[in-house]
$ cat protein-v2.cif   # mmCIF, N, CA and C atoms
data_target
#
loop_
_atom_site.label_atom_id
_atom_site.label_comp_id
_atom_site.auth_asym_id
_atom_site.auth_seq_id
_atom_site.Cartn_x
_atom_site.Cartn_y
_atom_site.Cartn_z
N MET S 1 15.35 23.90 -1.10
CA MET S 1 15.06 22.52 -0.70
C MET S 1 16.20 21.63 -1.16
N SER S 2 16.65 20.77 -0.28
CA SER S 2 17.71 19.84 -0.59
C SER S 2 17.18 18.71 -1.47
N ASP S 3 17.95 18.35 -2.51
CA ASP S 3 17.55 17.24 -3.38
C ASP S 3 18.11 15.91 -2.90
N ASP S 4 18.98 15.94 -1.87
CA ASP S 4 19.51 14.70 -1.34
C ASP S 4 18.36 13.87 -0.76
N ILE S 5 18.39 12.57 -1.04
CA ILE S 5 17.32 11.68 -0.58
C ILE S 5 17.63 11.23 0.85
N HIS S 6 16.62 11.32 1.68
CA HIS S 6 16.69 10.84 3.06
C HIS S 6 15.57 9.84 3.26
N LYS S 7 15.72 9.01 4.29
CA LYS S 7 14.62 8.12 4.66
C LYS S 7 14.38 8.25 6.15
N ALA S 8 13.11 8.10 6.50
CA ALA S 8 12.72 8.17 7.91
C ALA S 8 11.85 6.96 8.22
N GLY S 9 12.06 6.37 9.37
CA GLY S 9 11.21 5.28 9.85
C GLY S 9 10.40 5.80 11.02
N LEU S 10 9.09 5.61 10.97
CA LEU S 10 8.20 6.13 12.01
C LEU S 10 7.36 5.00 12.59
N LEU S 11 6.98 5.19 13.82
CA LEU S 11 6.00 4.32 14.47
C LEU S 11 5.02 5.24 15.17
N THR S 12 3.72 5.06 14.91
CA THR S 12 2.70 5.87 15.57
C THR S 12 1.54 4.99 15.99
N ALA S 13 0.83 5.45 16.99
CA ALA S 13 -0.40 4.78 17.42
C ALA S 13 -1.57 5.64 16.97
N ILE S 14 -2.62 5.01 16.48
CA ILE S 14 -3.80 5.76 16.10
C ILE S 14 -4.58 6.08 17.38
N THR S 15 -5.06 7.31 17.47
CA THR S 15 -5.77 7.73 18.66
C THR S 15 -7.25 7.93 18.34
N GLY S 16 -8.03 8.05 19.35
CA GLY S 16 -9.45 8.31 19.16
C GLY S 16 -10.30 7.12 19.55
N TRP S 17 -11.50 7.40 19.80
CA TRP S 17 -12.47 6.36 20.14
C TRP S 17 -13.23 6.02 18.88
N TRP S 18 -13.24 4.76 18.51
CA TRP S 18 -13.89 4.32 17.28
C TRP S 18 -15.09 3.46 17.64
N ARG S 19 -16.22 3.79 17.03
CA ARG S 19 -17.47 3.07 17.30
C ARG S 19 -17.31 1.57 17.06
N ASP S 20 -16.62 1.26 15.96
CA ASP S 20 -16.51 -0.15 15.56
C ASP S 20 -15.35 -0.29 14.58
N ASP S 21 -15.15 -1.51 14.13
CA ASP S 21 -14.05 -1.78 13.20
C ASP S 21 -14.22 -1.05 11.87
N VAL S 22 -15.46 -0.87 11.44
CA VAL S 22 -15.71 -0.17 10.17
C VAL S 22 -15.26 1.28 10.27
N ALA S 23 -15.58 1.95 11.37
CA ALA S 23 -15.17 3.34 11.56
C ALA S 23 -13.65 3.45 11.61
N LEU S 24 -13.00 2.51 12.27
CA LEU S 24 -11.54 2.50 12.33
C LEU S 24 -10.96 2.28 10.94
N ARG S 25 -11.50 1.32 10.20
CA ARG S 25 -11.02 1.05 8.84
C ARG S 25 -11.18 2.28 7.95
N ASP S 26 -12.31 2.99 8.11
CA ASP S 26 -12.54 4.22 7.34
C ASP S 26 -11.52 5.29 7.70
N ALA S 27 -11.19 5.41 8.98
CA ALA S 27 -10.20 6.40 9.42
C ALA S 27 -8.82 6.08 8.83
N VAL S 28 -8.45 4.81 8.86
CA VAL S 28 -7.16 4.39 8.28
C VAL S 28 -7.15 4.66 6.77
N GLN S 29 -8.24 4.37 6.09
CA GLN S 29 -8.33 4.62 4.65
C GLN S 29 -8.18 6.11 4.35
N GLN S 30 -8.80 6.96 5.16
CA GLN S 30 -8.69 8.41 4.95
C GLN S 30 -7.25 8.89 5.18
N ILE S 31 -6.59 8.35 6.18
CA ILE S 31 -5.18 8.69 6.41
C ILE S 31 -4.34 8.29 5.21
N LEU S 32 -4.60 7.11 4.66
CA LEU S 32 -3.86 6.63 3.49
C LEU S 32 -4.08 7.53 2.28
N VAL S 33 -5.32 7.87 1.99
CA VAL S 33 -5.64 8.71 0.83
C VAL S 33 -4.98 10.09 0.97
N THR S 34 -5.08 10.67 2.15
CA THR S 34 -4.48 11.98 2.40
C THR S 34 -2.96 11.91 2.27
N SER S 35 -2.36 10.85 2.81
CA SER S 35 -0.91 10.67 2.71
C SER S 35 -0.46 10.57 1.27
N GLN S 36 -1.17 9.79 0.47
CA GLN S 36 -0.80 9.63 -0.94
C GLN S 36 -0.85 10.97 -1.66
N LYS S 37 -1.88 11.74 -1.43
CA LYS S 37 -2.02 13.05 -2.08
C LYS S 37 -0.90 14.00 -1.64
N ASN S 38 -0.69 14.12 -0.34
CA ASN S 38 0.34 15.03 0.17
C ASN S 38 1.73 14.59 -0.26
N ASN S 39 2.00 13.30 -0.19
CA ASN S 39 3.33 12.80 -0.56
C ASN S 39 3.63 13.02 -2.03
N ARG S 40 2.65 12.77 -2.88
CA ARG S 40 2.83 12.98 -4.32
C ARG S 40 3.23 14.43 -4.59
N ALA S 41 2.54 15.36 -3.95
CA ALA S 41 2.82 16.79 -4.15
C ALA S 41 4.20 17.18 -3.61
N ALA S 42 4.66 16.51 -2.56
CA ALA S 42 5.93 16.86 -1.92
C ALA S 42 7.13 16.08 -2.46
N GLY S 43 6.89 15.10 -3.35
CA GLY S 43 7.99 14.28 -3.85
C GLY S 43 8.45 13.25 -2.85
N VAL S 44 7.54 12.82 -1.97
CA VAL S 44 7.85 11.83 -0.95
C VAL S 44 7.28 10.48 -1.39
N THR S 45 8.06 9.43 -1.20
CA THR S 45 7.59 8.07 -1.45
C THR S 45 7.70 7.30 -0.14
N GLY S 46 7.08 6.11 -0.11
CA GLY S 46 7.19 5.33 1.11
C GLY S 46 6.18 4.22 1.19
N ALA S 47 6.10 3.64 2.38
CA ALA S 47 5.18 2.54 2.63
C ALA S 47 4.64 2.67 4.05
N LEU S 48 3.43 2.16 4.21
CA LEU S 48 2.70 2.27 5.47
C LEU S 48 2.06 0.92 5.78
N MET S 49 2.14 0.53 7.03
CA MET S 49 1.45 -0.68 7.49
C MET S 49 0.66 -0.31 8.73
N PHE S 50 -0.56 -0.83 8.82
CA PHE S 50 -1.38 -0.61 10.00
C PHE S 50 -1.81 -1.95 10.55
N ASN S 51 -1.63 -2.13 11.86
CA ASN S 51 -2.04 -3.36 12.51
C ASN S 51 -2.12 -3.10 14.00
N SER S 52 -3.13 -3.64 14.63
CA SER S 52 -3.26 -3.57 16.09
C SER S 52 -3.19 -2.14 16.63
N GLY S 53 -3.75 -1.20 15.87
CA GLY S 53 -3.81 0.18 16.34
C GLY S 53 -2.55 0.98 16.14
N CYS S 54 -1.56 0.43 15.43
CA CYS S 54 -0.30 1.13 15.21
C CYS S 54 0.06 1.18 13.72
N PHE S 55 0.72 2.26 13.36
CA PHE S 55 1.29 2.40 12.02
C PHE S 55 2.79 2.21 12.10
N ALA S 56 3.35 1.51 11.14
CA ALA S 56 4.78 1.48 10.88
C ALA S 56 4.93 2.10 9.50
N GLN S 57 5.87 3.00 9.35
CA GLN S 57 5.93 3.78 8.12
C GLN S 57 7.37 4.12 7.77
N ILE S 58 7.66 4.10 6.47
CA ILE S 58 8.92 4.58 5.94
C ILE S 58 8.60 5.72 4.97
N LEU S 59 9.30 6.83 5.11
CA LEU S 59 9.18 7.96 4.20
C LEU S 59 10.53 8.15 3.51
N GLU S 60 10.49 8.50 2.22
CA GLU S 60 11.72 8.77 1.47
C GLU S 60 11.53 10.04 0.65
N GLY S 61 12.57 10.84 0.56
CA GLY S 61 12.49 12.03 -0.26
C GLY S 61 13.48 13.08 0.19
N PRO S 62 13.36 14.29 -0.37
CA PRO S 62 14.23 15.38 0.05
C PRO S 62 14.06 15.66 1.55
N MET S 63 15.15 16.02 2.20
CA MET S 63 15.14 16.21 3.64
C MET S 63 14.04 17.17 4.09
N ASP S 64 13.90 18.30 3.42
CA ASP S 64 12.88 19.28 3.81
C ASP S 64 11.48 18.69 3.71
N ALA S 65 11.24 17.91 2.67
CA ALA S 65 9.91 17.31 2.48
C ALA S 65 9.62 16.27 3.57
N ILE S 66 10.64 15.50 3.94
CA ILE S 66 10.47 14.51 5.01
C ILE S 66 10.19 15.21 6.33
N GLU S 67 10.94 16.27 6.61
CA GLU S 67 10.72 17.02 7.85
C GLU S 67 9.32 17.62 7.90
N ASP S 68 8.86 18.19 6.78
CA ASP S 68 7.51 18.76 6.72
C ASP S 68 6.44 17.67 6.93
N THR S 69 6.65 16.52 6.31
CA THR S 69 5.70 15.41 6.44
C THR S 69 5.67 14.91 7.88
N PHE S 70 6.82 14.77 8.48
CA PHE S 70 6.90 14.34 9.88
C PHE S 70 6.16 15.32 10.78
N GLU S 71 6.35 16.60 10.55
CA GLU S 71 5.67 17.63 11.35
C GLU S 71 4.15 17.53 11.18
N ARG S 72 3.71 17.30 9.95
CA ARG S 72 2.27 17.15 9.69
C ARG S 72 1.69 15.94 10.46
N ILE S 73 2.43 14.85 10.47
CA ILE S 73 1.99 13.66 11.20
C ILE S 73 1.91 13.95 12.70
N GLN S 74 2.92 14.64 13.22
CA GLN S 74 2.92 14.96 14.65
C GLN S 74 1.73 15.85 15.03
N GLN S 75 1.31 16.72 14.12
CA GLN S 75 0.22 17.64 14.41
C GLN S 75 -1.16 17.02 14.19
N ASP S 76 -1.22 15.88 13.53
CA ASP S 76 -2.48 15.22 13.21
C ASP S 76 -3.02 14.56 14.48
N GLU S 77 -4.19 14.98 14.92
CA GLU S 77 -4.75 14.46 16.17
C GLU S 77 -5.10 12.98 16.12
N ARG S 78 -5.14 12.40 14.92
CA ARG S 78 -5.41 10.96 14.81
C ARG S 78 -4.19 10.12 15.18
N HIS S 79 -3.01 10.74 15.22
CA HIS S 79 -1.78 10.03 15.56
C HIS S 79 -1.34 10.39 16.97
N GLY S 80 -0.96 9.39 17.73
CA GLY S 80 -0.40 9.61 19.05
C GLY S 80 0.90 8.84 19.19
N ASP S 81 1.69 9.21 20.16
CA ASP S 81 2.95 8.52 20.41
C ASP S 81 3.78 8.38 19.13
N VAL S 82 4.00 9.49 18.44
CA VAL S 82 4.78 9.48 17.20
C VAL S 82 6.25 9.32 17.57
N SER S 83 6.87 8.28 17.04
CA SER S 83 8.28 8.00 17.31
C SER S 83 9.06 7.97 16.01
N LEU S 84 10.13 8.74 15.96
CA LEU S 84 11.03 8.72 14.83
C LEU S 84 12.11 7.70 15.13
N LEU S 85 12.12 6.60 14.39
CA LEU S 85 13.06 5.51 14.64
C LEU S 85 14.37 5.69 13.88
N ALA S 86 14.30 6.37 12.74
CA ALA S 86 15.50 6.59 11.94
C ALA S 86 15.26 7.81 11.05
N PHE S 87 16.32 8.55 10.79
CA PHE S 87 16.28 9.65 9.83
C PHE S 87 17.70 9.81 9.31
N GLU S 88 17.90 9.39 8.05
CA GLU S 88 19.26 9.35 7.55
C GLU S 88 19.28 9.47 6.03
N PRO S 89 20.43 9.90 5.51
CA PRO S 89 20.57 9.95 4.04
C PRO S 89 20.55 8.53 3.48
N THR S 90 20.12 8.42 2.25
CA THR S 90 20.13 7.13 1.57
C THR S 90 20.51 7.37 0.11
N SER S 91 21.11 6.38 -0.50
CA SER S 91 21.58 6.53 -1.88
C SER S 91 20.47 6.34 -2.90
N HIS S 92 19.36 5.72 -2.49
CA HIS S 92 18.28 5.46 -3.42
C HIS S 92 16.95 5.27 -2.67
N ARG S 93 15.89 5.34 -3.42
CA ARG S 93 14.56 5.10 -2.86
C ARG S 93 14.24 3.61 -2.97
N SER S 94 13.65 3.07 -1.94
CA SER S 94 13.19 1.68 -1.97
C SER S 94 11.75 1.57 -2.45
N PHE S 95 11.00 2.67 -2.38
CA PHE S 95 9.58 2.67 -2.71
C PHE S 95 9.28 3.70 -3.79
N GLU S 96 10.15 3.76 -4.79
CA GLU S 96 10.07 4.81 -5.81
C GLU S 96 8.76 4.84 -6.58
N ASN S 97 8.05 3.74 -6.66
CA ASN S 97 6.79 3.69 -7.42
C ASN S 97 5.57 3.97 -6.55
N TRP S 98 5.77 4.30 -5.30
CA TRP S 98 4.65 4.42 -4.36
C TRP S 98 4.67 5.76 -3.64
N SER S 99 3.63 6.60 -3.82
CA SER S 99 3.53 7.81 -3.01
C SER S 99 3.26 7.41 -1.56
N MET S 100 2.58 6.29 -1.37
CA MET S 100 2.43 5.67 -0.06
C MET S 100 1.80 4.30 -0.27
N ALA S 101 2.65 3.29 -0.32
CA ALA S 101 2.16 1.92 -0.44
C ALA S 101 1.49 1.55 0.87
N PHE S 102 0.43 0.78 0.79
CA PHE S 102 -0.23 0.27 2.00
C PHE S 102 -0.14 -1.23 1.96
N VAL S 103 0.56 -1.78 2.94
CA VAL S 103 0.76 -3.22 3.00
C VAL S 103 0.35 -3.72 4.38
N GLY S 104 0.20 -5.01 4.46
CA GLY S 104 -0.10 -5.60 5.75
C GLY S 104 -1.54 -6.00 5.92
N ALA S 105 -2.35 -5.85 4.87
CA ALA S 105 -3.77 -6.17 4.98
C ALA S 105 -4.02 -7.68 4.95
N SER S 106 -3.13 -8.44 4.33
CA SER S 106 -3.34 -9.88 4.26
C SER S 106 -3.02 -10.53 5.61
N LEU S 107 -3.51 -11.72 5.81
CA LEU S 107 -3.24 -12.43 7.07
C LEU S 107 -1.76 -12.70 7.26
N ASP S 108 -1.06 -13.06 6.17
CA ASP S 108 0.39 -13.31 6.28
C ASP S 108 1.13 -12.04 6.69
N ASP S 109 0.75 -10.91 6.06
CA ASP S 109 1.39 -9.64 6.39
C ASP S 109 1.11 -9.25 7.84
N ALA S 110 -0.14 -9.40 8.25
CA ALA S 110 -0.52 -9.06 9.62
C ALA S 110 0.25 -9.92 10.61
N ALA S 111 0.45 -11.18 10.30
CA ALA S 111 1.20 -12.07 11.19
C ALA S 111 2.65 -11.61 11.30
N ARG S 112 3.24 -11.18 10.19
CA ARG S 112 4.63 -10.73 10.22
C ARG S 112 4.77 -9.48 11.09
N PHE S 113 3.82 -8.55 10.95
CA PHE S 113 3.86 -7.33 11.76
C PHE S 113 3.58 -7.67 13.22
N ALA S 114 2.72 -8.65 13.48
CA ALA S 114 2.43 -9.06 14.85
C ALA S 114 3.69 -9.61 15.51
N ASP S 115 4.55 -10.29 14.74
CA ASP S 115 5.81 -10.78 15.29
C ASP S 115 6.67 -9.62 15.78
N VAL S 116 6.70 -8.52 15.02
CA VAL S 116 7.45 -7.34 15.44
C VAL S 116 6.83 -6.78 16.71
N ALA S 117 5.51 -6.72 16.75
CA ALA S 117 4.81 -6.19 17.91
C ALA S 117 5.12 -7.01 19.16
N ARG S 118 5.08 -8.32 19.02
CA ARG S 118 5.37 -9.19 20.17
C ARG S 118 6.81 -9.02 20.64
N ALA S 119 7.72 -8.89 19.72
CA ALA S 119 9.14 -8.79 20.07
C ALA S 119 9.49 -7.46 20.72
N THR S 120 8.73 -6.42 20.43
CA THR S 120 9.08 -5.08 20.91
C THR S 120 8.04 -4.46 21.82
N ALA S 121 6.84 -5.03 21.86
CA ALA S 121 5.71 -4.45 22.60
C ALA S 121 5.45 -3.01 22.15
N PHE S 122 5.82 -2.70 20.92
CA PHE S 122 5.72 -1.36 20.36
C PHE S 122 6.39 -0.31 21.22
N ASP S 123 7.42 -0.71 21.91
CA ASP S 123 8.25 0.21 22.67
C ASP S 123 9.28 0.78 21.69
N PRO S 124 9.20 2.09 21.39
CA PRO S 124 10.12 2.67 20.40
C PRO S 124 11.58 2.44 20.70
N SER S 125 11.94 2.30 21.97
CA SER S 125 13.35 2.07 22.29
C SER S 125 13.79 0.67 21.87
N ARG S 126 12.82 -0.21 21.59
CA ARG S 126 13.14 -1.57 21.15
C ARG S 126 12.90 -1.77 19.66
N MET S 127 12.45 -0.72 18.97
CA MET S 127 12.18 -0.80 17.54
C MET S 127 13.42 -0.33 16.79
N ASP S 128 13.50 -0.73 15.55
CA ASP S 128 14.64 -0.40 14.71
C ASP S 128 14.13 0.02 13.34
N GLY S 129 14.54 1.20 12.88
CA GLY S 129 14.10 1.70 11.58
C GLY S 129 14.48 0.78 10.44
N ASP S 130 15.65 0.15 10.53
CA ASP S 130 16.08 -0.76 9.46
C ASP S 130 15.18 -1.99 9.40
N ARG S 131 14.75 -2.48 10.55
CA ARG S 131 13.86 -3.66 10.57
C ARG S 131 12.51 -3.31 9.95
N ILE S 132 11.95 -2.16 10.32
CA ILE S 132 10.68 -1.73 9.74
C ILE S 132 10.84 -1.54 8.23
N HIS S 133 11.95 -0.94 7.80
CA HIS S 133 12.20 -0.75 6.38
C HIS S 133 12.24 -2.09 5.66
N ALA S 134 12.96 -3.06 6.21
CA ALA S 134 13.08 -4.37 5.57
C ALA S 134 11.72 -5.06 5.45
N ILE S 135 10.92 -5.00 6.50
CA ILE S 135 9.59 -5.63 6.46
C ILE S 135 8.72 -4.97 5.40
N LEU S 136 8.67 -3.65 5.41
CA LEU S 136 7.82 -2.94 4.45
C LEU S 136 8.32 -3.15 3.02
N ARG S 137 9.61 -3.19 2.83
CA ARG S 137 10.17 -3.42 1.48
C ARG S 137 9.78 -4.82 0.99
N GLU S 138 9.94 -5.81 1.85
CA GLU S 138 9.60 -7.18 1.49
C GLU S 138 8.11 -7.31 1.14
N LEU S 139 7.26 -6.72 1.96
CA LEU S 139 5.82 -6.80 1.71
C LEU S 139 5.42 -6.05 0.44
N THR S 140 6.04 -4.90 0.21
CA THR S 140 5.73 -4.13 -1.00
C THR S 140 6.14 -4.89 -2.25
N MET S 141 7.32 -5.51 -2.22
CA MET S 141 7.77 -6.30 -3.36
C MET S 141 6.82 -7.47 -3.60
N ALA S 142 6.34 -8.11 -2.53
CA ALA S 142 5.39 -9.21 -2.68
C ALA S 142 4.08 -8.72 -3.28
N GLU S 143 3.62 -7.53 -2.87
CA GLU S 143 2.39 -6.94 -3.42
C GLU S 143 2.56 -6.65 -4.91
N GLU S 144 3.73 -6.08 -5.28
CA GLU S 144 3.99 -5.79 -6.69
C GLU S 144 4.01 -7.07 -7.51
N HIS S 145 4.64 -8.11 -6.97
CA HIS S 145 4.74 -9.40 -7.67
C HIS S 145 3.36 -10.01 -7.86
N THR S 146 2.52 -9.95 -6.82
CA THR S 146 1.18 -10.49 -6.88
C THR S 146 0.32 -9.74 -7.90
N ALA S 147 0.50 -8.43 -7.98
CA ALA S 147 -0.30 -7.60 -8.90
C ALA S 147 0.13 -7.81 -10.35
N ALA S 148 1.36 -8.23 -10.57
CA ALA S 148 1.89 -8.39 -11.94
C ALA S 148 1.33 -9.59 -12.65
#

$ encode --input "protein-v2.cif" --output "structure tokens"
Amino acid sequence: MSDDIHKAGLLTAITGWWRDDVALRDAVQQILVTSQKNNRAAGVTGALMFNSGCFAQILEGPMDAIEDTFERIQQDERHGDVSLLAFEPTSHRSFENWSMAFVGASLDDAARFADVARATAFDPSRMDGDRIHAILRELTMAEEHTAA
């Protein structure tokens, strides 16, 4: 396994028919819990945002671990239209304290993500991994500051 740190930016749509908002919220929570457990074991860090039926996500870690995680996401029937926006080496982790930070639950965060959605219509060809990274990094730092 390579120890070089890589980062990947992903965009996915959640699939499935949900009875109501509570069932959808429970499904998102289960995805988050499973991601945190799997990422911790694999040495992967990152951040995840969910809004309007879509996930924006950054993964960081050894290349093999990122590839395995990406494959697991692609095989998960709860995810559809999985798009890899970026996959590149990086000199450092931006989310080193988070096996999978979850941001975007506040109204301000949701509004910021909605701006991205409006600008791109969630068309992967119009999305940019660096933009998703910057948004998630900013929101994670704000969450850490608020918790302190």

$ resolve_selection --input "protein-v2.cif" --expression "the PyMOL selection byres (((chain S and resi 92 and name CA) around 10) and name CA)" --output "list in words"
Asp4, Ile5, His6, Lys7, Glu60, Gly61, Pro89, Thr90, Ser91, Arg93, Ser94, Phe95 and Glu96 of chain S

$ resolve_selection --input "protein-v2.cif" --expression "the PyMOL selection byres ((chain S and resi 85) around 6)" --output "ChimeraX atom specification"
/S:9-11,83-84,86-87,128-129

$ write_last_selection --input "protein-v2.cif" --atoms "N, CA and C atoms" --output "PDB file, in the frame of the given file"
ATOM      1  N   GLY S   9      12.060   6.370   9.370  1.00  0.00           N
ATOM      2  CA  GLY S   9      11.210   5.280   9.850  1.00  0.00           C
ATOM      3  C   GLY S   9      10.400   5.800  11.020  1.00  0.00           C
ATOM      4  N   LEU S  10       9.090   5.610  10.970  1.00  0.00           N
ATOM      5  CA  LEU S  10       8.200   6.130  12.010  1.00  0.00           C
ATOM      6  C   LEU S  10       7.360   5.000  12.590  1.00  0.00           C
ATOM      7  N   LEU S  11       6.980   5.190  13.820  1.00  0.00           N
ATOM      8  CA  LEU S  11       6.000   4.320  14.470  1.00  0.00           C
ATOM      9  C   LEU S  11       5.020   5.240  15.170  1.00  0.00           C
ATOM     10  N   SER S  83       6.870   8.280  17.040  1.00  0.00           N
ATOM     11  CA  SER S  83       8.280   8.000  17.310  1.00  0.00           C
ATOM     12  C   SER S  83       9.060   7.970  16.010  1.00  0.00           C
ATOM     13  N   LEU S  84      10.130   8.740  15.960  1.00  0.00           N
ATOM     14  CA  LEU S  84      11.030   8.720  14.830  1.00  0.00           C
ATOM     15  C   LEU S  84      12.110   7.700  15.130  1.00  0.00           C
ATOM     16  N   ALA S  86      14.300   6.370  12.740  1.00  0.00           N
ATOM     17  CA  ALA S  86      15.500   6.590  11.940  1.00  0.00           C
ATOM     18  C   ALA S  86      15.260   7.810  11.050  1.00  0.00           C
ATOM     19  N   PHE S  87      16.320   8.550  10.790  1.00  0.00           N
ATOM     20  CA  PHE S  87      16.280   9.650   9.830  1.00  0.00           C
ATOM     21  C   PHE S  87      17.700   9.810   9.310  1.00  0.00           C
ATOM     22  N   ASP S 128      13.500  -0.730  15.550  1.00  0.00           N
ATOM     23  CA  ASP S 128      14.640  -0.400  14.710  1.00  0.00           C
ATOM     24  C   ASP S 128      14.130   0.020  13.340  1.00  0.00           C
ATOM     25  N   GLY S 129      14.540   1.200  12.880  1.00  0.00           N
ATOM     26  CA  GLY S 129      14.100   1.700  11.580  1.00  0.00           C
ATOM     27  C   GLY S 129      14.480   0.780  10.440  1.00  0.00           C
TER      28      GLY S 129
END

$ resolve_selection --input "protein-v2.cif" --expression "the PyMOL selection byres ((chain S and resi 46-50) around 6.5)" --output "number ranges by chain"
S: 44-45, 51-60, 95-96, 98-104, 136

$ closest_residue --input "protein-v2.cif" --among "S:Ile135, S:Ile73, S:Met63, S:Glu144" --to "Leu32 in chain S" --atoms "only C-alpha atoms"
S:Ile73

$ atom_distance --input "protein-v2.cif" --atom1 "CA of Arg78 in chain S" --atom2 "CA of Gly16 in chain S"
6.5 Å

$ atom_distance --input "protein-v2.cif" --atom1 "CA of Gln29 in chain S" --atom2 "CA of Arg72 in chain S"
17.2 Å

$ atom_distance --input "protein-v2.cif" --atom1 "atom N of Ala23 in chain S" --atom2 "CA of Glu143 in chain S"
24.9 Å

$ select_by_dssp --input "protein-v2.cif" --residues "range 4-142 of chain S" --states "alpha helix (DSSP H)" --output "count of residues only"
63
